[in-house]
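Reproduced below: work.txt, with compact mmCIF, C-alpha atoms and all ligand atoms.
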# COMPACT_ATOMS: atom_id res chain seq x y z
CA MET A 1 137.61 72.20 95.73
CA PHE A 2 140.50 70.32 94.12
CA LYS A 3 140.49 70.17 90.34
CA ILE A 4 141.42 66.98 88.50
CA LEU A 5 144.03 68.10 85.98
CA GLN A 6 144.69 64.69 84.49
CA LYS A 7 143.09 61.26 84.64
CA THR A 8 145.08 58.22 83.47
CA GLN A 9 143.62 54.73 83.19
CA PHE A 10 146.21 51.95 83.55
CA SER A 11 143.82 49.00 83.35
CA GLU A 12 140.14 48.23 83.80
CA LYS A 13 140.28 48.98 87.53
CA VAL A 14 143.35 51.14 88.06
CA PHE A 15 143.43 54.91 87.65
CA LYS A 16 145.71 57.83 88.41
CA PHE A 17 144.46 61.31 89.22
CA ARG A 18 146.65 64.42 89.05
CA ILE A 19 145.02 67.14 91.09
CA GLU A 20 145.75 70.81 91.57
CA ALA A 21 147.12 71.20 95.11
CA PRO A 22 150.02 73.70 95.25
CA GLU A 23 150.42 73.80 99.04
CA MET A 24 150.34 70.01 99.41
CA ALA A 25 152.86 69.57 96.59
CA LYS A 26 155.39 71.70 98.50
CA HIS A 27 155.41 69.38 101.50
CA ALA A 28 154.79 65.81 100.21
CA HIS A 29 157.26 62.94 100.79
CA ALA A 30 157.30 59.29 99.69
CA GLY A 31 155.26 57.07 102.01
CA GLN A 32 152.86 59.83 103.02
CA PHE A 33 149.23 59.90 102.02
CA LEU A 34 146.26 62.18 101.50
CA MET A 35 142.58 61.84 102.39
CA VAL A 36 139.99 62.43 99.71
CA ARG A 37 136.33 63.27 100.14
CA ALA A 38 134.86 63.25 96.68
CA ASN A 39 131.67 65.14 97.44
CA GLU A 40 129.80 66.71 100.35
CA ARG A 41 128.21 63.41 101.42
CA GLY A 42 131.19 61.25 100.60
CA GLU A 43 133.30 59.20 103.02
CA ARG A 44 136.95 60.08 103.50
CA VAL A 45 139.38 57.60 101.96
CA PRO A 46 143.20 57.54 102.12
CA PHE A 47 145.53 57.23 99.12
CA THR A 48 149.33 57.30 99.03
CA PHE A 49 151.09 60.04 97.06
CA ALA A 50 152.22 58.53 93.77
CA ASP A 51 153.98 61.71 92.63
CA TRP A 52 154.00 65.49 93.15
CA ASN A 53 155.52 68.61 91.61
CA ALA A 54 155.97 71.70 93.77
CA GLU A 55 156.81 73.97 90.84
CA GLU A 56 153.73 73.03 88.85
CA GLY A 57 151.55 72.72 91.96
CA TRP A 58 150.07 69.23 91.60
CA VAL A 59 150.00 65.88 93.39
CA GLU A 60 149.04 62.44 92.05
CA PHE A 61 147.55 59.30 93.52
CA ILE A 62 146.89 55.88 92.00
CA PHE A 63 143.83 53.93 93.05
CA MET A 64 142.26 50.59 92.42
CA VAL A 65 138.50 50.26 92.15
CA ILE A 66 137.39 48.10 95.06
CA GLY A 67 134.14 49.32 96.61
CA LYS A 68 131.66 52.17 96.50
CA THR A 69 133.94 55.19 96.87
CA THR A 70 136.62 54.03 94.46
CA THR A 71 133.92 52.99 91.95
CA MET A 72 132.44 56.48 92.19
CA LEU A 73 135.86 58.15 91.95
CA SER A 74 136.57 56.26 88.73
CA THR A 75 133.65 58.12 87.10
CA TYR A 76 135.27 61.53 87.72
CA GLU A 77 136.89 63.08 84.68
CA GLU A 78 139.50 65.74 83.94
CA GLY A 79 138.08 69.15 84.83
CA ASP A 80 135.86 67.75 87.62
CA SER A 81 136.70 68.71 91.20
CA LEU A 82 137.00 66.74 94.42
CA GLN A 83 135.34 68.33 97.45
CA ASP A 84 138.24 67.97 99.94
CA VAL A 85 141.76 66.66 99.76
CA VAL A 86 143.82 66.81 102.95
CA GLY A 87 147.53 66.09 103.24
CA PRO A 88 150.34 65.33 103.44
CA LEU A 89 149.50 62.93 106.28
CA GLY A 90 151.56 60.28 108.03
CA VAL A 91 155.29 59.87 108.49
CA PRO A 92 157.49 59.60 105.36
CA THR A 93 159.12 56.21 104.66
CA GLU A 94 162.64 56.05 106.11
CA MET A 95 165.01 55.26 103.27
CA GLY A 96 167.95 53.70 105.11
CA GLU A 97 171.19 52.64 103.39
CA GLY A 98 171.65 49.35 101.53
CA THR A 99 169.88 47.17 99.02
CA TRP A 100 166.11 47.12 99.38
CA VAL A 101 163.46 44.57 98.55
CA VAL A 102 160.08 46.22 98.06
CA ILE A 103 157.13 43.81 98.16
CA GLY A 104 153.66 44.77 96.99
CA GLY A 105 150.58 42.60 96.90
CA GLY A 106 147.24 43.41 95.26
CA VAL A 107 146.24 47.04 95.78
CA GLY A 108 149.42 47.39 97.86
CA LEU A 109 151.31 47.62 94.56
CA ALA A 110 149.92 51.15 94.15
CA ILE A 111 151.50 52.04 97.49
CA ALA A 112 154.75 50.13 96.80
CA PHE A 113 155.40 51.89 93.49
CA PRO A 114 156.14 55.44 94.78
CA VAL A 115 158.34 54.00 97.54
CA ALA A 116 160.33 51.90 95.05
CA ARG A 117 160.63 54.85 92.67
CA GLN A 118 161.89 57.16 95.42
CA LEU A 119 164.43 54.56 96.58
CA VAL A 120 165.73 54.23 93.01
CA ALA A 121 165.79 58.03 92.61
CA THR A 122 167.89 58.37 95.76
CA GLY A 123 170.51 55.91 94.51
CA HIS A 124 169.50 52.65 96.23
CA GLU A 125 169.67 49.26 94.59
CA VAL A 126 166.09 47.97 94.63
CA HIS A 127 164.44 44.62 93.95
CA VAL A 128 160.66 44.58 93.67
CA ILE A 129 158.48 41.54 94.26
CA MET A 130 155.02 41.88 92.79
CA GLY A 131 152.43 39.39 94.02
CA ALA A 132 148.82 38.78 93.05
CA ARG A 133 146.28 35.97 93.06
CA THR A 134 146.16 35.98 89.27
CA LYS A 135 147.62 37.90 86.28
CA ASP A 136 144.66 40.29 85.90
CA LEU A 137 145.21 41.61 89.43
CA LEU A 138 148.85 42.60 88.91
CA LEU A 139 148.97 46.41 88.93
CA LEU A 140 151.52 48.76 87.39
CA GLU A 141 153.92 46.20 85.89
CA ASP A 142 154.96 48.64 83.12
CA GLN A 143 155.61 51.37 85.70
CA PHE A 144 157.82 49.08 87.80
CA ARG A 145 159.66 47.90 84.65
CA SER A 146 160.36 51.52 83.70
CA ILE A 147 162.42 52.10 86.88
CA LEU A 148 164.13 48.69 87.33
CA PRO A 149 166.50 46.36 85.47
CA ASP A 150 164.63 43.21 84.31
CA ASP A 151 166.43 40.95 86.77
CA HIS A 152 165.32 43.15 89.69
CA LEU A 153 161.61 42.61 89.09
CA HIS A 154 160.18 39.37 90.48
CA ILE A 155 156.57 38.42 89.81
CA THR A 156 154.50 35.74 91.50
CA THR A 157 150.89 34.68 90.99
CA ASP A 158 149.08 32.20 93.21
CA ASP A 159 147.58 30.38 90.20
CA GLY A 160 150.72 30.50 88.01
CA SER A 161 148.93 32.53 85.29
CA TYR A 162 151.97 34.86 85.09
CA GLY A 163 155.49 34.91 86.50
CA GLU A 164 156.43 32.31 89.06
CA GLN A 165 153.64 30.22 90.57
CA GLY A 166 153.45 30.73 94.31
CA VAL A 167 153.72 33.51 96.84
CA VAL A 168 156.10 36.42 97.38
CA THR A 169 158.08 34.70 100.13
CA ALA A 170 159.79 32.35 97.63
CA PRO A 171 161.70 35.09 95.72
CA LEU A 172 162.17 36.97 99.02
CA GLU A 173 163.87 33.94 100.54
CA ARG A 174 166.15 33.59 97.50
CA LEU A 175 167.16 37.26 97.67
CA LEU A 176 167.84 37.00 101.40
CA GLU A 177 169.88 33.82 100.93
CA GLY A 178 171.87 35.45 98.12
CA GLY A 179 172.71 38.45 100.29
CA ASP A 180 170.70 40.76 98.00
CA ALA A 181 168.57 42.34 100.72
CA ASP A 182 169.63 44.63 103.53
CA ARG A 183 166.13 45.97 104.14
CA VAL A 184 162.61 44.94 103.20
CA PHE A 185 159.48 47.06 102.74
CA CYS A 186 156.13 45.34 102.33
CA VAL A 187 152.54 46.42 101.74
CA GLY A 188 149.51 44.36 100.83
CA PRO A 189 147.15 41.81 102.34
CA VAL A 190 147.80 40.92 105.98
CA PRO A 191 148.82 37.26 105.37
CA MET A 192 151.34 38.40 102.75
CA MET A 193 152.88 40.97 105.12
CA LYS A 194 152.88 38.51 108.02
CA PHE A 195 154.68 35.74 106.11
CA SER A 196 157.12 38.19 104.50
CA THR A 197 157.94 39.33 108.03
CA LEU A 198 158.54 35.78 109.28
CA THR A 199 160.83 35.16 106.29
CA ALA A 200 162.86 38.35 106.84
CA GLN A 201 163.08 37.59 110.57
CA LYS A 202 164.65 34.19 109.80
CA PHE A 203 167.57 36.08 108.24
CA GLY A 204 167.61 38.88 110.82
CA THR A 205 166.85 41.44 108.09
CA PRO A 206 164.91 44.58 109.09
CA ILE A 207 161.46 44.79 107.57
CA ILE A 208 158.98 47.66 107.45
CA ALA A 209 155.27 47.16 106.80
CA SER A 210 153.00 49.92 105.54
CA LEU A 211 149.77 49.25 107.42
CA ASN A 212 146.36 49.97 105.94
CA PRO A 213 143.69 49.91 108.63
CA ILE A 214 140.45 51.76 107.98
CA MET A 215 140.96 55.49 108.51
CA VAL A 216 138.39 58.20 109.05
CA ASP A 217 139.93 61.57 109.95
CA GLY A 218 143.58 60.73 109.22
CA THR A 219 144.80 63.15 111.89
CA GLY A 220 144.89 61.09 115.09
CA MET A 221 141.52 62.25 116.45
CA CYS A 222 139.05 59.39 115.90
CA GLY A 223 141.07 56.31 116.90
CA CYS A 224 139.66 54.27 114.02
CA CYS A 225 143.07 53.35 112.61
CA ARG A 226 144.53 52.00 115.86
CA VAL A 227 146.99 49.15 115.51
CA GLU A 228 148.87 47.10 118.11
CA ILE A 229 152.65 47.51 117.86
CA ASP A 230 154.79 45.66 120.39
CA GLY A 231 151.82 45.56 122.78
CA GLN A 232 151.18 49.30 122.50
CA THR A 233 148.32 51.04 120.73
CA LYS A 234 149.42 53.30 117.89
CA PHE A 235 147.47 55.32 115.36
CA ALA A 236 148.53 54.36 111.84
CA CYS A 237 147.60 57.78 110.44
CA VAL A 238 149.97 59.79 112.64
CA ASP A 239 152.46 57.23 114.01
CA GLY A 240 152.66 55.36 110.69
CA PRO A 241 151.59 54.09 108.26
CA ASP A 242 155.05 52.43 108.32
CA PHE A 243 156.00 50.28 111.32
CA ASP A 244 158.62 47.71 112.25
CA ALA A 245 156.79 44.68 110.85
CA THR A 246 158.21 42.32 113.46
CA LYS A 247 156.24 44.18 116.15
CA VAL A 248 152.80 44.21 114.47
CA ASP A 249 149.82 42.29 115.87
CA TRP A 250 148.57 40.89 112.54
CA ASN A 251 145.44 39.19 113.93
CA ASP A 252 144.21 42.47 115.39
CA LEU A 253 144.87 44.33 112.10
CA ARG A 254 143.05 41.71 110.07
CA ALA A 255 140.01 41.83 112.35
CA ARG A 256 139.85 45.62 112.25
CA GLN A 257 140.11 45.75 108.45
CA ALA A 258 137.18 43.36 108.12
CA ALA A 259 134.95 45.12 110.68
CA TYR A 260 132.67 46.79 108.10
CA ARG A 261 132.75 44.25 105.27
CA THR A 262 128.95 43.68 105.36
CA GLU A 263 128.21 47.42 105.26
CA GLU A 264 130.83 47.97 102.53
CA GLY A 265 129.14 45.32 100.39
CA GLN A 266 125.69 46.82 100.99
CA SER A 267 126.95 50.30 100.16
CA LEU A 268 128.45 49.18 96.82
CA LYS A 269 125.29 47.27 95.93
CA ALA A 270 123.08 50.29 96.69
CA TYR A 271 125.38 52.54 94.64
CA GLU A 272 125.37 50.18 91.66
CA GLU A 273 121.59 49.78 91.78
CA ALA A 274 120.95 53.53 91.98
CA ASN A 275 123.83 54.34 89.60
CA CYS A 276 122.78 57.87 88.74
CA ALA A 277 124.48 61.24 88.51
CA CYS A 278 122.93 62.38 91.82
CA GLN A 279 125.35 60.00 93.58
CA ARG A 280 128.17 62.40 92.73
C1 LIG B 301 147.49 54.88 104.45
C2 LIG B 301 146.72 54.23 103.34
C3 LIG B 301 147.12 54.45 102.03
C4 LIG B 301 146.40 53.87 100.98
N1 LIG B 301 146.84 54.11 99.71
C5 LIG B 301 146.17 53.58 98.67
C6 LIG B 301 146.58 53.84 97.33
O1 LIG B 301 147.55 54.56 97.07
N2 LIG B 301 145.85 53.28 96.33
C7 LIG B 301 144.77 52.49 96.58
O2 LIG B 301 144.16 52.00 95.61
N3 LIG B 301 144.37 52.22 97.83
C8 LIG B 301 145.03 52.77 98.88
N4 LIG B 301 144.60 52.52 100.16
C9 LIG B 301 143.37 51.71 100.35
C10 LIG B 301 142.15 52.57 100.02
O3 LIG B 301 142.00 53.60 100.97
C11 LIG B 301 140.89 51.69 99.98
O4 LIG B 301 141.01 50.79 98.89
C12 LIG B 301 139.62 52.49 99.77
O5 LIG B 301 139.36 53.23 100.93
C13 LIG B 301 138.45 51.58 99.46
O6 LIG B 301 137.25 52.33 99.55
P1 LIG B 301 135.94 51.81 98.82
O7 LIG B 301 134.77 52.58 99.35
O8 LIG B 301 136.11 51.81 97.35
O9 LIG B 301 135.85 50.28 99.25
P2 LIG B 301 135.04 49.58 100.44
O10 LIG B 301 134.18 48.52 99.87
O11 LIG B 301 134.41 50.61 101.33
O12 LIG B 301 136.19 48.91 101.24
C14 LIG B 301 137.03 47.88 100.70
C15 LIG B 301 138.22 47.72 101.65
O13 LIG B 301 139.02 48.91 101.55
C16 LIG B 301 139.49 49.30 102.85
N5 LIG B 301 138.91 50.61 103.21
C17 LIG B 301 137.64 51.03 103.04
N6 LIG B 301 137.45 52.28 103.51
C18 LIG B 301 138.65 52.66 104.01
C19 LIG B 301 139.13 53.82 104.66
N7 LIG B 301 138.35 54.87 104.92
N8 LIG B 301 140.42 53.84 105.06
C20 LIG B 301 141.26 52.81 104.79
N9 LIG B 301 140.86 51.68 104.18
C21 LIG B 301 139.58 51.60 103.81
C22 LIG B 301 139.05 48.22 103.82
O14 LIG B 301 140.07 47.24 103.96
C23 LIG B 301 137.85 47.62 103.13
O15 LIG B 301 137.57 46.31 103.54
C24 LIG B 301 145.28 53.05 101.24
C25 LIG B 301 144.88 52.82 102.56
C26 LIG B 301 145.60 53.39 103.60
C27 LIG B 301 145.17 53.16 105.02
S1 LIG B 302 142.18 57.79 111.19
FE1 LIG B 302 141.38 58.69 112.97
S2 LIG B 302 142.97 58.45 114.41
FE2 LIG B 302 143.81 57.69 112.57
Produce structure tokens that represent the structure in this file.
Amino acid sequence: MFKILQKTQFSEKVFKFRIEAPEMAKHAHAGQFLMVRANERGERVPFTFADWNAEEGWVEFIFMVIGKTTTMLSTYEEGDSLQDVVGPLGVPTEMGEGTWVVIGGGVGLAIAFPVARQLVATGHEVHVIMGARTKDLLLLEDQFRSILPDDHLHITTDDGSYGEQGVVTAPLERLLEGGDADRVFCVGPVPMMKFSTLTAQKFGTPIIASLNPIMVDGTGMCGCCRVEIDGQTKFACVDGPDFDATKVDWNDLRARQAAYRTEEGQSLKAYEEANCACQR
């Protein structure tokens, strides 16, 4: 069992858990993730390490409430325990030299934040582009502001309710044109990653995408997270989650992510209708 030492609520749907995990804390790196199974009957879901402390023996992850499991997790409180937490999993993000542009869209902002923070902590100049459909869906703005100068944070919303109206590729293009980007990291919805990749490719700038296919075991055994990279099948949980974005088959990834949408909707509905303590 893994005890929740601290629960922080950032907004209506965004939470951070600090959990007791001394062994994991000794080995975690930015870009890696853990798999959580909240209770004996729960599904396994992946979350990126947001922070860790080997001396104090804890790790943290930030999650956005989306479906059944994240809704249920949001009801856990400090002092409660999670059944299983496995990690660190995946390959750490490679933090090459130069100025970075980190792009996060939607729930991808929770994954982009620890990468941006680690890049800043290791002495890189970093621009962050935060993108969301509308203002209410922008996660962790205060956290990004706390690590960046004001002119290095670029915000776009599709509906213009906050920041610049439009999509993340507009500020990305400006940064690339101005010579302010040697490398790009992106994570978020598939169309966002795909068009960020096409924009970076126009300028010949390397771009990494953190891919988020559905994962089950997280250790390369089940094949559920397979992605097509340069015509070859890779497992995002052990070969990634970061890949050269110019080599990703985006149509395949999009189809695989959507494979269980009907069941996911049914599962959330059943959970909300039953909504009782026995679900935990
Ligand atoms: C490597 C990796 C790191 C991630 N890091 C974070 C993070 O730090 N913070 C965060 O909020 N989210 C993160 N996610 C996404 C997170 O795992 C999903 O939001 C979560 O699993 C949704 O579960 P649900 O039951 O609440 O929603 P559901 O309604 O079951 O699913 C909603 C959507 O979430 C995705 N999803 C569902 N189950 C899984 C699964 N087992 N594996 C992967 N994706 C799934 C699918 O795209 C699905 O359509 C990460 C995903 C991956 C692959
Ligand atoms: S999640 Fe099973 S192989 Fe990657």
Once you add 4 Å to each side, what are the centre and edge lengths of the axis-aligned box holding all listed atoms of segment 97-115 of chain A? One decimal in Å, as JSON, if you can.
{"center_x": 158.9, "center_y": 49.0, "center_z": 98.4, "size_x": 33.4, "size_y": 20.8, "size_z": 17.9}
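Of the residues under consideration (A:Pro189, A:Gly178, A:Gly220, A:Gly79), A:Pro189 shows the shortest atom-to-atom contact distance to ligand LIG 301 (chain B) when counting all atoms listed in the file.
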Counting all atoms listed in the file, which residues of chain A fall within 6 Å of ligand LIG 302 (chain B), and what is the closest atom pair for each with its distance in Å at one decimal, ordered by chain and rising number, as a tab-separated table?
residue	atom	partner	partner_atom	distance
A:Met215	CA	B:LIG302	S1	3.7
A:Val216	CA	B:LIG302	S1	4.4
A:Asp217	CA	B:LIG302	FE1	4.4
A:Gly218	CA	B:LIG302	S1	3.8
A:Thr219	CA	B:LIG302	FE2	5.6
A:Gly220	CA	B:LIG302	S2	3.3
A:Met221	CA	B:LIG302	S2	4.6
A:Cys222	CA	B:LIG302	FE1	3.8
A:Gly223	CA	B:LIG302	S2	3.8
A:Cys224	CA	B:LIG302	FE1	4.9
A:Cys225	CA	B:LIG302	FE2	4.4
A:Phe235	CA	B:LIG302	FE2	5.2
A:Ala236	CA	B:LIG302	FE2	5.8
A:Cys237	CA	B:LIG302	FE2	4.3
Pairwise distance for atom CA of Val91 of chain A and atom C3 of ligand LIG 301 (chain B), rounded to one decimal in Å: 11.7 Å
Pick from A:Glu55, A:Asp158, A:Glu125, A:Glu40, whichever lies nearest to Ala25 of chain A using all atoms listed in the file: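 Looking at the shortest contact to Ala25 of chain A, the residue is A:Glu55.
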Residues within 7 Å of Thr8 of chain A, only C-alpha atoms, excluding chain neighbours under 3 positions, as a list in words: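 Contacts, in chain order: Phe15, Lys16 and Phe17 of chain A.
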Shell around Gln6 of chain A at 12 Å using all atoms listed in the file, local window under 4 positions removed, as a VMD selection string: chain A and resid 2 15 to 20 58 to 62 76 to 81
